[in-house]
Amino acid sequence: MNAATLAAATSTGEAVQFWILGTVAVVGALATVLLRRAVHSALCLAGTMIILAVFYLANGAYFLGVVQIVVYTGAIMMLFLFVVMLVGVTAADSLTETLKGQRWLAALCGLGFGILLIAGIGNASVTTSTGLATANAAGNVQGLAELIFTRYVFAFELTGALLITAAVGAMVLTHRERTERMPSQRELAERRVREGTQVPPLPAPGVYARHNAVDIPGLLPDGTPSELTVNPTLRARGQVRDVSGEALAELAALERRSEVRLERRDASPEEAGK
Amino acid sequence: MENLIGLLVAAPLLGAAVLLCGGRRLDRAGHWIGTALAAASFAVGVVLFAGMLGRGAEDRALHQHLFSWVPVEGFQADVAFQLDQLSMTFVLLITGVGSLIHIYSIGYMEHDPRRRRFFGYLNLFLAAMLLLVLADNYLLLYAGWEGVGLASYLLIGFWQHKPSAATAAKKAFLVNRVGDIGLSIAIMLMFTTFGTFAFGPVLESAGDTSEGMLTAIGLMLLLAACGKSAQVPLQSWLGDAMEGPTPVSALIHAATMVTAGVYLITRSGAIFNGSPDAQLVVAIVGAVTLIFGAIVGCAKDDIKKALAGSTMSQIGYMVLAAGLGPIGYVFAIMHLVTHGFFKAGLFLGAGSVMHGMNDEVDMRKYGGLRKYMPVTFVTFGLGYLAIIGFPGLSGFWSKDKIIEAAFAKGGTEGWILGGVALLGAALTAYYMTRVMLLTFFGEKRWGSTPSPAAPDVEPAAETSGEHATPHPHESPKSMTIPMIVLAFGSVFAGGLFSWNSSFLHWLEPVTGHDHGHSPLSAAAVTGATVVVLLIGVALAWLQYGRKPVPVTAPRGSLLTRAARRDLLQDDFNHVALVKPGEYLTRGLVYVDNKGVDGLVNGTAAAVGGLSGRMRRVQNGFVRSYAVSMFGGTAVLIAATLLMRAV
Amino acid sequence: MNPMNYVYLAALLFTIGAAGVLLRRNAIVVFMCVELMLNACNLTLVAFSRMHGNLDGQIIAFFTMVVAAAEVVVGLAIIVMLFRTRHSASVDDASLMKL
């Protein structure tokens, strides 16, 4: 990006870039809204944000472009993904509307708002573009720094305070005070014995199976999968892989083979006895 | 000398303050304090009177300026007294009769537990009445005017445990308020016209003022006088005011307060002289009341109410005389004074009779009392002779002069007013003879079983008559002595005043006098008066003296029945004032309920109803709220765009 | 190409984000849509900064990012809390504030 691109007129290259990436950004935004799984939404949003970062760069906001990628796509979107994972990554939302008339009203408002906004922008269209050549003369970051630490220094300090407050607030919100003593291992064992429902430890996954992955349940002696052997979160998300049929089939094959072998062994003494 | 004037008012005012604020510890001495201070006021009055007699006719008037009441630029109200011959007359009458009645009350109220309070009120009345007649401006007079109204209210309702007394007090107060409004309007008119309300400047410049304004002021003053003096159309309170103790009836509702209207008209003579129309209205009101009161007096069986009708009628005489202008002012005041003597005497006599008869007031249950109450009989009889105008006694001199003056008015109105005055004289003779005969003559109608002449005894009358068999007896000395003194006044006052026209010369510098041109000679008028007097007495004797009187009143003619109901005055007020007032109130209540409240309640209901529906919007779903927000933003943007487009 | 096109694009993205806020029930997705709207605003700011030739717009965009970061931290903490207590991240389930 040289000074020429920062001039009033935009280059053809930028126009091409705008139309292609702009389309992608809109598609990404639409996908964010329309996809049923939160993870997909988050990824689409991250894509849109990266495209916006490119647009920032194209508009001469180098510092912001980088910050957009680092802070937004790098930190904030990761935070989102983290929470999505906490809440449930694969559970798809139902898109059927429960509020009566909400969809119509939303569509009406959205359409009206968009039309009005675009009409307003069209109305107030600024035709002249100054460009950032002079403002970025000493470098974009230097220019921003000069403003932040002079004219906007109070706002800057305040945002610092705000960030700290937000961090403390998040901690306070998510922190759960333990109200009773954590039971020791011995107490847990005694309780299990007293209740008598599950005296031995829970069966580990993969028992009677050839897998030991956490999402594959262990099989009971009759070959059916045991619900107890997988994490409840995975169960709730429906991420338990049922391998019982496969395992049973393999067991059956194993038994058959061993029978054959036993029969052969049985037969051989007879043969030997003959 | 003039510094004494304030004492006249101060003494009874002090008495009222001490007695009303002093509390129970004064119960035993209260009546003595009250009487002593009233007598002190009378003594001061006598001293001032002696001093006044010692001066020439032109510089008899005294003036005392106490302090500036409302010292405002362009509005100067002073507390200042003016003692001229007119005020002096009233001062002597008020303090003299007032002192006598204080003495009388000592005996009359002996058994009343609230006697101290009663004397406090009496003193308060004296102070206010003296303030009224001594004031040198209309505003101070108004203060006294309201003061006597208050005292009258308190005293009529003195036995407030009786609902009838409480109601009567309220009625008197309300009716008086109507008149008071007239006085206040008159004072306001004076202030706008003359820029002051002191007697001197107002009455001096009255001659230079337009007749229309004088008529307006005069009619408003007349309204005030009607209220205070119980003249038609504001007469209805006086009869009910007899619910008060009898000394009150004697002092306030016969001798002094009710004559305040006459004082007001006489004092404002210059205004009325400048407005013949107002003067004629005054005379007509007086004439109408004269007949009205007399007719009521003829029909009442309650002795005090009969006397109340008589009072109304006699004040009608005075107002009639005052309405005649300079011809009549002096005679109005003269009749006022003589009336003060004999009517107070009559009321005290009635009180004495009631005192001896267990508070029975129905004359039909009296009869033959002359043997049991000789002193009362004699004093009452002298008062009776005085009021009917028996030749030689007080009433004769004063009433005769008024009738003469009425004829002297001249023209058709002179004849009519004179004729009415003569008719009134006949009626006076009739009803007073009736009272006399029913009370003191005939056979006794009390104590025994009801007379066979009246088989259908009313239950109410029965209970009141039989709660104890009365034992008529003469009243104590404290009561009879004032009666005797007043009887002397009744007999000799008129003659004293007329001897050498002394009263005329006394008052003339203040009120002025004009002899008029009577179409009849004085002797002819006197002759006619005596003749109608005899006719009246004879009629009454024919009806009540010759044959036994039934204990229960016969049904009587239509006029009698109407007169028993005070000539339908209350019915008239009810139909003409109360009912429209009720309808107006009901209408206003309706407007208030449906209109004002309706608007308020309607707004509230509308807001409530709307909120009930709007509440559904508050469904708790964040997304719904978000839609609202978003829609609102859209509307805002649309509005901004629209504004810019415009 | 007119630089205003960036602004049009931003308006479009903003509207899409707003529609997402209104339509989606999953709190996390709603939150993402809010982020999308914020980003659309930032794009306008950057575009205007270029048009007017001064850097103030970029400063504001920068502050927006910081505030958005703070907001995301707190917002996600709230969502986690909500999920813990209700075992659901649906905004429609948190509808107790009504009569």
# chains A, B, ... in the order shown; residues from 1 in each chain; ligands from 1

$ select_by_dssp --residues "chain C" --states "alpha helix (DSSP H)" --output "mmCIF file with C-alpha atoms, in the first residue's frame"
data_model
loop_
_atom_site.group_PDB
_atom_site.id
_atom_site.type_symbol
_atom_site.label_atom_id
_atom_site.label_comp_id
_atom_site.auth_asym_id
_atom_site.auth_seq_id
_atom_site.Cartn_x
_atom_site.Cartn_y
_atom_site.Cartn_z
ATOM 1 C CA MET C 4 -18.931 5.517 0.075
ATOM 2 C CA ASN C 5 -19.369 1.901 -0.934
ATOM 3 C CA TYR C 6 -17.669 0.934 2.311
ATOM 4 C CA VAL C 7 -20.379 2.777 4.158
ATOM 5 C CA TYR C 8 -23.105 1.021 2.198
ATOM 6 C CA LEU C 9 -21.469 -2.278 2.993
ATOM 7 C CA ALA C 10 -21.347 -1.299 6.661
ATOM 8 C CA ALA C 11 -25.063 -0.439 6.604
ATOM 9 C CA LEU C 12 -25.830 -3.798 5.098
ATOM 10 C CA LEU C 13 -23.750 -5.647 7.674
ATOM 11 C CA PHE C 14 -25.318 -3.641 10.464
ATOM 12 C CA THR C 15 -28.798 -4.497 9.281
ATOM 13 C CA ILE C 16 -27.930 -8.165 8.976
ATOM 14 C CA GLY C 17 -26.525 -8.127 12.478
ATOM 15 C CA ALA C 18 -29.605 -6.410 13.820
ATOM 16 C CA ALA C 19 -31.860 -8.957 12.152
ATOM 17 C CA GLY C 20 -29.759 -11.672 13.737
ATOM 18 C CA VAL C 21 -30.265 -10.137 17.179
ATOM 19 C CA LEU C 22 -33.988 -10.197 16.615
ATOM 20 C CA LEU C 23 -34.230 -13.643 15.162
ATOM 21 C CA ALA C 27 -27.567 -15.976 23.484
ATOM 22 C CA ILE C 28 -24.112 -16.611 22.062
ATOM 23 C CA VAL C 29 -25.248 -16.106 18.512
ATOM 24 C CA VAL C 30 -27.142 -12.997 19.539
ATOM 25 C CA PHE C 31 -23.949 -11.740 21.026
ATOM 26 C CA MET C 32 -22.049 -12.483 17.874
ATOM 27 C CA CYS C 33 -24.560 -10.501 15.911
ATOM 28 C CA VAL C 34 -24.005 -7.586 18.254
ATOM 29 C CA GLU C 35 -20.301 -7.862 17.529
ATOM 30 C CA LEU C 36 -21.102 -7.825 13.837
ATOM 31 C CA MET C 37 -23.018 -4.597 14.284
ATOM 32 C CA LEU C 38 -20.145 -3.055 16.181
ATOM 33 C CA ASN C 39 -17.750 -4.046 13.454
ATOM 34 C CA ALA C 40 -20.014 -2.501 10.838
ATOM 35 C CA CYS C 41 -19.848 0.738 12.780
ATOM 36 C CA ASN C 42 -16.094 0.511 12.919
ATOM 37 C CA LEU C 43 -15.983 0.116 9.174
ATOM 38 C CA THR C 44 -17.956 3.324 8.740
ATOM 39 C CA LEU C 45 -15.650 5.136 11.084
ATOM 40 C CA VAL C 46 -12.581 3.977 9.204
ATOM 41 C CA ALA C 47 -14.136 4.870 5.846
ATOM 42 C CA PHE C 48 -15.096 8.327 7.036
ATOM 43 C CA SER C 49 -11.667 8.802 8.520
ATOM 44 C CA ARG C 50 -10.243 8.232 5.122
ATOM 45 C CA MET C 51 -12.736 10.517 3.437
ATOM 46 C CA HIS C 52 -12.145 13.375 5.823
ATOM 47 C CA ASP C 56 -9.997 10.770 14.717
ATOM 48 C CA GLY C 57 -12.355 8.245 13.221
ATOM 49 C CA GLN C 58 -9.743 5.542 13.631
ATOM 50 C CA ILE C 59 -9.265 6.548 17.258
ATOM 51 C CA ILE C 60 -12.973 6.171 17.875
ATOM 52 C CA ALA C 61 -12.962 2.804 16.148
ATOM 53 C CA PHE C 62 -10.081 1.788 18.353
ATOM 54 C CA PHE C 63 -11.991 2.765 21.460
ATOM 55 C CA THR C 64 -15.004 0.892 20.157
ATOM 56 C CA MET C 65 -12.892 -2.205 19.938
ATOM 57 C CA VAL C 66 -11.680 -1.803 23.505
ATOM 58 C CA VAL C 67 -15.199 -1.279 24.775
ATOM 59 C CA ALA C 68 -16.381 -4.249 22.714
ATOM 60 C CA ALA C 69 -13.704 -6.353 24.301
ATOM 61 C CA ALA C 70 -14.835 -5.349 27.765
ATOM 62 C CA GLU C 71 -18.413 -5.965 26.804
ATOM 63 C CA VAL C 72 -17.653 -9.403 25.456
ATOM 64 C CA VAL C 73 -15.888 -10.360 28.643
ATOM 65 C CA VAL C 74 -18.793 -9.381 30.845
ATOM 66 C CA GLY C 75 -21.449 -10.593 28.424
ATOM 67 C CA LEU C 76 -19.934 -13.998 28.059
ATOM 68 C CA ALA C 77 -19.565 -14.266 31.817
ATOM 69 C CA ILE C 78 -23.259 -13.576 32.111
ATOM 70 C CA ILE C 79 -24.057 -16.205 29.494
ATOM 71 C CA VAL C 80 -21.967 -18.745 31.345
ATOM 72 C CA MET C 81 -23.793 -17.906 34.555
ATOM 73 C CA LEU C 82 -27.092 -18.225 32.801
ATOM 74 C CA PHE C 83 -26.173 -21.570 31.364
ATOM 75 C CA ARG C 84 -25.052 -22.831 34.705
ATOM 76 C CA THR C 85 -28.283 -21.966 36.456
ATOM 77 C CA ARG C 86 -30.724 -22.761 33.666
#

$ interface_residues --of "chain B" --to "chain C" --cutoff "9 Å" --atoms "only C-alpha atoms" --output "list of chain:residue names"
B:Arg615, B:Arg616, B:Gln618, B:Asn619, B:Gly620, B:Phe621, B:Val622, B:Arg623, B:Ser624, B:Ala626, B:Val627, B:Phe630

$ write_last_selection --atoms "N, CA and C atoms" --output "CSV table (one decimal), in the first residue's frame"
chain,number,residue,atom,x,y,z
B,615,ARG,N,-49.8,-3.6,28.6
B,615,ARG,CA,-49.0,-4.6,29.4
B,615,ARG,C,-48.7,-5.8,28.7
B,616,ARG,N,-49.6,-6.2,27.7
B,616,ARG,CA,-49.3,-7.4,27.0
B,616,ARG,C,-48.0,-7.3,26.2
B,618,GLN,N,-45.4,-6.1,27.3
B,618,GLN,CA,-44.3,-6.4,28.3
B,618,GLN,C,-44.4,-7.9,28.5
B,619,ASN,N,-43.9,-8.7,27.5
B,619,ASN,CA,-44.0,-10.1,27.6
B,619,ASN,C,-42.8,-10.8,28.2
B,620,GLY,N,-41.8,-10.0,28.5
B,620,GLY,CA,-40.6,-10.5,29.2
B,620,GLY,C,-39.6,-11.1,28.2
B,621,PHE,N,-39.9,-11.1,26.9
B,621,PHE,CA,-38.9,-11.6,26.0
B,621,PHE,C,-38.0,-10.5,25.5
B,622,VAL,N,-36.7,-10.7,25.6
B,622,VAL,CA,-35.7,-9.7,25.3
B,622,VAL,C,-35.9,-9.3,23.8
B,623,ARG,N,-36.2,-10.3,23.0
B,623,ARG,CA,-36.2,-10.1,21.6
B,623,ARG,C,-37.3,-9.2,21.2
B,624,SER,N,-38.4,-9.3,21.9
B,624,SER,CA,-39.6,-8.4,21.6
B,624,SER,C,-39.2,-7.0,21.9
B,626,ALA,N,-36.3,-5.8,21.9
B,626,ALA,CA,-35.3,-5.4,20.9
B,626,ALA,C,-36.0,-4.9,19.6
B,627,VAL,N,-37.0,-5.7,19.3
B,627,VAL,CA,-37.8,-5.2,18.1
B,627,VAL,C,-38.3,-3.8,18.3
B,630,PHE,N,-35.6,-1.4,18.0
B,630,PHE,CA,-35.1,-1.3,16.6
B,630,PHE,C,-36.2,-0.5,15.8

$ residues_around --residues "segment 493-500 of chain B" --least-positions-apart "3" --cutoff "10 Å" --atoms "only C-alpha atoms" --output "VMD selection string"
chain B and resid 334 to 335 337 to 339 341 to 342 386 391 to 399 401 486 to 490 503 to 506

$ residues_around --residues "segment 298-314 of chain B" --least-positions-apart "6" --cutoff "6 Å" --atoms "only C-alpha atoms" --output "PyMOL selection string"
chain B and resi 239+254+289-290+361-363+431+560+563-564

$ write_last_selection --atoms "C-alpha atoms" --output "mmCIF file, in the first residue's frame"
data_model
loop_
_atom_site.group_PDB
_atom_site.id
_atom_site.type_symbol
_atom_site.label_atom_id
_atom_site.label_comp_id
_atom_site.auth_asym_id
_atom_site.auth_seq_id
_atom_site.Cartn_x
_atom_site.Cartn_y
_atom_site.Cartn_z
ATOM 1 C CA GLY B 239 -89.090 35.200 66.114
ATOM 2 C CA ALA B 254 -85.988 44.405 71.820
ATOM 3 C CA THR B 289 -92.854 45.466 58.558
ATOM 4 C CA LEU B 290 -95.069 47.473 60.862
ATOM 5 C CA VAL B 361 -94.458 30.238 77.367
ATOM 6 C CA ASP B 362 -97.946 29.443 76.035
ATOM 7 C CA MET B 363 -100.241 32.303 77.071
ATOM 8 C CA TYR B 431 -102.412 42.315 70.289
ATOM 9 C CA THR B 560 -104.610 33.519 61.658
ATOM 10 C CA ALA B 563 -99.799 34.475 61.017
ATOM 11 C CA ARG B 564 -99.101 31.643 63.431
#

$ residues_around --residues "Thr196 of chain B" --least-positions-apart "6" --cutoff "10 Å" --atoms "only C-alpha atoms" --output "NGL selection string"
:B and (74-77 or 137-139 or 187-190 or 202)

$ residues_around --residues "segment 173-186 of chain B" --least-positions-apart "4" --cutoff "7 Å" --atoms "only C-alpha atoms" --output "number ranges by chain"
B: 149, 153, 169, 190, 217, 220-221, 223-228, 234, 237

$ write_last_selection --atoms "N, CA, C and O atoms" --output "PDB file, in the first residue's frame"
ATOM      1  N   GLY B 149     -73.479  41.141  66.150  1.00  0.00           N
ATOM      2  CA  GLY B 149     -73.993  39.937  65.488  1.00  0.00           C
ATOM      3  C   GLY B 149     -73.454  38.687  66.168  1.00  0.00           C
ATOM      4  O   GLY B 149     -74.186  37.729  66.431  1.00  0.00           O
ATOM      5  N   TYR B 153     -75.511  35.945  68.251  1.00  0.00           N
ATOM      6  CA  TYR B 153     -75.432  34.513  67.914  1.00  0.00           C
ATOM      7  C   TYR B 153     -75.134  33.681  69.157  1.00  0.00           C
ATOM      8  O   TYR B 153     -75.782  32.667  69.429  1.00  0.00           O
ATOM      9  N   ALA B 169     -79.962  30.228  66.529  1.00  0.00           N
ATOM     10  CA  ALA B 169     -78.745  31.045  66.510  1.00  0.00           C
ATOM     11  C   ALA B 169     -78.130  31.050  65.121  1.00  0.00           C
ATOM     12  O   ALA B 169     -77.750  32.089  64.582  1.00  0.00           O
ATOM     13  N   MET B 190     -68.900  53.680  49.333  1.00  0.00           N
ATOM     14  CA  MET B 190     -68.504  54.958  49.921  1.00  0.00           C
ATOM     15  C   MET B 190     -67.044  55.226  49.633  1.00  0.00           C
ATOM     16  O   MET B 190     -66.663  56.337  49.278  1.00  0.00           O
ATOM     17  N   ILE B 217     -75.947  53.424  47.545  1.00  0.00           N
ATOM     18  CA  ILE B 217     -75.412  53.308  48.911  1.00  0.00           C
ATOM     19  C   ILE B 217     -76.567  53.186  49.905  1.00  0.00           C
ATOM     20  O   ILE B 217     -76.552  52.339  50.809  1.00  0.00           O
ATOM     21  N   MET B 220     -78.145  49.797  49.921  1.00  0.00           N
ATOM     22  CA  MET B 220     -77.283  48.813  50.579  1.00  0.00           C
ATOM     23  C   MET B 220     -77.322  48.994  52.098  1.00  0.00           C
ATOM     24  O   MET B 220     -77.344  48.018  52.856  1.00  0.00           O
ATOM     25  N   LEU B 221     -77.319  50.264  52.543  1.00  0.00           N
ATOM     26  CA  LEU B 221     -77.437  50.517  53.992  1.00  0.00           C
ATOM     27  C   LEU B 221     -78.773  49.989  54.495  1.00  0.00           C
ATOM     28  O   LEU B 221     -78.868  49.426  55.591  1.00  0.00           O
ATOM     29  N   LEU B 223     -80.416  47.501  53.270  1.00  0.00           N
ATOM     30  CA  LEU B 223     -80.318  46.039  53.363  1.00  0.00           C
ATOM     31  C   LEU B 223     -79.676  45.653  54.693  1.00  0.00           C
ATOM     32  O   LEU B 223     -80.145  44.744  55.398  1.00  0.00           O
ATOM     33  N   ALA B 224     -78.597  46.377  55.043  1.00  0.00           N
ATOM     34  CA  ALA B 224     -77.937  46.117  56.324  1.00  0.00           C
ATOM     35  C   ALA B 224     -78.908  46.318  57.474  1.00  0.00           C
ATOM     36  O   ALA B 224     -79.011  45.481  58.390  1.00  0.00           O
ATOM     37  N   ALA B 225     -79.655  47.437  57.415  1.00  0.00           N
ATOM     38  CA  ALA B 225     -80.589  47.745  58.489  1.00  0.00           C
ATOM     39  C   ALA B 225     -81.666  46.671  58.574  1.00  0.00           C
ATOM     40  O   ALA B 225     -82.086  46.263  59.662  1.00  0.00           O
ATOM     41  N   CYS B 226     -82.134  46.197  57.413  1.00  0.00           N
ATOM     42  CA  CYS B 226     -83.164  45.150  57.396  1.00  0.00           C
ATOM     43  C   CYS B 226     -82.669  43.910  58.109  1.00  0.00           C
ATOM     44  O   CYS B 226     -83.392  43.276  58.881  1.00  0.00           O
ATOM     45  N   GLY B 227     -81.390  43.536  57.815  1.00  0.00           N
ATOM     46  CA  GLY B 227     -80.869  42.330  58.450  1.00  0.00           C
ATOM     47  C   GLY B 227     -80.794  42.488  59.959  1.00  0.00           C
ATOM     48  O   GLY B 227     -81.262  41.639  60.717  1.00  0.00           O
ATOM     49  N   LYS B 228     -80.221  43.587  60.412  1.00  0.00           N
ATOM     50  CA  LYS B 228     -79.986  43.755  61.840  1.00  0.00           C
ATOM     51  C   LYS B 228     -81.286  44.046  62.581  1.00  0.00           C
ATOM     52  O   LYS B 228     -81.486  43.586  63.711  1.00  0.00           O
ATOM     53  N   LEU B 234     -85.832  40.551  55.585  1.00  0.00           N
ATOM     54  CA  LEU B 234     -84.883  39.756  56.368  1.00  0.00           C
ATOM     55  C   LEU B 234     -85.366  39.597  57.809  1.00  0.00           C
ATOM     56  O   LEU B 234     -84.589  39.600  58.748  1.00  0.00           O
ATOM     57  N   TRP B 237     -85.548  35.913  61.264  1.00  0.00           N
ATOM     58  CA  TRP B 237     -84.754  35.370  62.365  1.00  0.00           C
ATOM     59  C   TRP B 237     -85.263  35.804  63.736  1.00  0.00           C
ATOM     60  O   TRP B 237     -85.002  35.136  64.730  1.00  0.00           O
TER      61      TRP B 237
END

$ interface_residues --of "chain A" --to "chain C" --cutoff "7 Å" --atoms "only C-alpha atoms" --output "MDAnalysis selection string"
chainID A and resid 10 15 26 29:30 33 38 56 59 61 64 76 103 106 110 114 117:118 129:132 135 144 159 162:163 166:167 169:170 173:174

$ interface_residues --of "chain A" --to "chain B" --cutoff "9 Å" --atoms "only C-alpha atoms" --output "ChimeraX atom specification"
/A:99,102,105-106,108-110,112-114,116-117,119-120,123

$ write_last_selection --atoms "N, CA, C and O atoms" --output "short mmCIF file (atom, residue, chain, number, x, y, z; two decimals), in the first residue's frame"
data_model
loop_
_atom_site.label_atom_id
_atom_site.label_comp_id
_atom_site.auth_asym_id
_atom_site.auth_seq_id
_atom_site.Cartn_x
_atom_site.Cartn_y
_atom_site.Cartn_z
N LEU A 99 -41.90 -16.84 19.26
CA LEU A 99 -42.67 -15.62 19.54
C LEU A 99 -43.58 -15.30 18.36
O LEU A 99 -43.13 -15.28 17.22
N GLN A 102 -42.88 -12.36 15.74
CA GLN A 102 -41.54 -11.81 15.90
C GLN A 102 -40.80 -11.77 14.57
O GLN A 102 -40.17 -10.79 14.23
N LEU A 105 -42.18 -9.02 12.36
CA LEU A 105 -41.79 -7.70 12.84
C LEU A 105 -40.30 -7.45 12.60
O LEU A 105 -39.90 -6.37 12.16
N ALA A 106 -39.49 -8.49 12.87
CA ALA A 106 -38.06 -8.35 12.69
C ALA A 106 -37.74 -8.06 11.23
O ALA A 106 -36.95 -7.17 10.92
N LEU A 108 -39.72 -6.77 9.02
CA LEU A 108 -40.21 -5.44 8.67
C LEU A 108 -39.24 -4.37 9.16
O LEU A 108 -38.80 -3.49 8.40
N CYS A 109 -38.87 -4.51 10.44
CA CYS A 109 -37.97 -3.51 11.01
C CYS A 109 -36.63 -3.54 10.29
O CYS A 109 -36.06 -2.49 9.96
N GLY A 110 -36.10 -4.73 10.09
CA GLY A 110 -34.81 -4.85 9.45
C GLY A 110 -34.83 -4.22 8.07
O GLY A 110 -33.98 -3.38 7.74
N GLY A 112 -37.01 -2.10 6.79
CA GLY A 112 -37.25 -0.66 6.85
C GLY A 112 -36.01 0.07 7.29
O GLY A 112 -35.61 1.07 6.68
N PHE A 113 -35.35 -0.51 8.29
CA PHE A 113 -34.17 0.14 8.82
C PHE A 113 -33.08 0.22 7.77
O PHE A 113 -32.48 1.28 7.54
N GLY A 114 -32.84 -0.94 7.14
CA GLY A 114 -31.80 -0.96 6.10
C GLY A 114 -32.09 0.02 5.00
O GLY A 114 -31.22 0.80 4.58
N LEU A 116 -33.97 2.66 5.02
CA LEU A 116 -33.85 4.03 5.50
C LEU A 116 -32.39 4.44 5.63
O LEU A 116 -31.98 5.53 5.23
N LEU A 117 -31.58 3.48 6.17
CA LEU A 117 -30.17 3.78 6.39
C LEU A 117 -29.47 4.04 5.08
O LEU A 117 -28.77 5.05 4.91
N ALA A 119 -30.87 4.82 2.29
CA ALA A 119 -31.41 6.04 1.68
C ALA A 119 -30.76 7.25 2.32
O ALA A 119 -30.40 8.21 1.62
N GLY A 120 -30.58 7.19 3.62
CA GLY A 120 -29.97 8.31 4.31
C GLY A 120 -28.55 8.53 3.86
O GLY A 120 -28.15 9.66 3.58
N ASN A 123 -28.48 9.95 0.56
CA ASN A 123 -28.91 11.34 0.63
C ASN A 123 -27.74 12.25 1.00
O ASN A 123 -27.59 13.35 0.47
#

$ residues_around --residues "Val531 of chain B" --least-positions-apart "6" --cutoff "12 Å" --atoms "only C-alpha atoms" --output "JSON, numbers by chain"
{"B": [388, 389, 390, 391, 422, 423, 425, 426, 429, 524, 525, 537, 538]}

$ write_last_selection --atoms "C-alpha atoms" --output "PDB file, in the first residue's frame"
ATOM      1  CA  ILE B 388    -100.375  50.886  73.025  1.00  0.00           C
ATOM      2  CA  GLY B 389     -99.973  54.655  73.330  1.00  0.00           C
ATOM      3  CA  PHE B 390    -102.271  55.337  76.221  1.00  0.00           C
ATOM      4  CA  PRO B 391    -102.448  59.110  76.473  1.00  0.00           C
ATOM      5  CA  LEU B 422    -102.806  54.371  62.318  1.00  0.00           C
ATOM      6  CA  LEU B 423    -103.773  50.810  61.401  1.00  0.00           C
ATOM      7  CA  ALA B 425    -101.641  51.569  66.246  1.00  0.00           C
ATOM      8  CA  ALA B 426    -104.988  49.740  66.271  1.00  0.00           C
ATOM      9  CA  ALA B 429    -103.635  47.946  70.909  1.00  0.00           C
ATOM     10  CA  ALA B 524    -106.922  65.514  64.771  1.00  0.00           C
ATOM     11  CA  VAL B 525    -104.117  62.996  64.541  1.00  0.00           C
ATOM     12  CA  VAL B 537    -108.634  47.360  72.886  1.00  0.00           C
ATOM     13  CA  ALA B 538    -112.365  46.799  72.541  1.00  0.00           C
TER      14      ALA B 538
END

$ atom_distance --atom1 "atom CA of Val141 of chain A" --atom2 "atom CA of Ala25 of chain A"
26.2 Å

$ atom_distance --atom1 "atom CA of Ala321 of chain B" --atom2 "atom CA of Lys409 of chain B"
9.9 Å

$ select_by_dssp --residues "segment 33-84 of chain B" --states "strand (DSSP E or B)" --output "PyMOL selection string"
chain B and resi 62-72+75-83

$ atom_distance --atom1 "atom CA of Asp400 of chain B" --atom2 "atom CA of Ala260 of chain B"
22.1 Å

$ closest_residue --among "B:Tyr625, B:Phe380, B:Tyr430, B:Phe125" --to "Tyr544 of chain B" --atoms "only C-alpha atoms"
B:Tyr430

$ decode --residues "segment 4-20 of chain C" --atoms "C-alpha atoms" --output "PDB file, in the first residue's frame"
ATOM      1  CA  MET C   4     -18.931   5.517   0.075  1.00  0.00           C
ATOM      2  CA  ASN C   5     -19.369   1.901  -0.934  1.00  0.00           C
ATOM      3  CA  TYR C   6     -17.669   0.934   2.311  1.00  0.00           C
ATOM      4  CA  VAL C   7     -20.379   2.777   4.158  1.00  0.00           C
ATOM      5  CA  TYR C   8     -23.105   1.021   2.198  1.00  0.00           C
ATOM      6  CA  LEU C   9     -21.469  -2.278   2.993  1.00  0.00           C
ATOM      7  CA  ALA C  10     -21.347  -1.299   6.661  1.00  0.00           C
ATOM      8  CA  ALA C  11     -25.063  -0.439   6.604  1.00  0.00           C
ATOM      9  CA  LEU C  12     -25.830  -3.798   5.098  1.00  0.00           C
ATOM     10  CA  LEU C  13     -23.750  -5.647   7.674  1.00  0.00           C
ATOM     11  CA  PHE C  14     -25.318  -3.641  10.464  1.00  0.00           C
ATOM     12  CA  THR C  15     -28.798  -4.497   9.281  1.00  0.00           C
ATOM     13  CA  ILE C  16     -27.930  -8.165   8.976  1.00  0.00           C
ATOM     14  CA  GLY C  17     -26.525  -8.127  12.478  1.00  0.00           C
ATOM     15  CA  ALA C  18     -29.605  -6.410  13.820  1.00  0.00           C
ATOM     16  CA  ALA C  19     -31.860  -8.957  12.152  1.00  0.00           C
ATOM     17  CA  GLY C  20     -29.759 -11.672  13.737  1.00  0.00           C
TER      18      GLY C  20
END
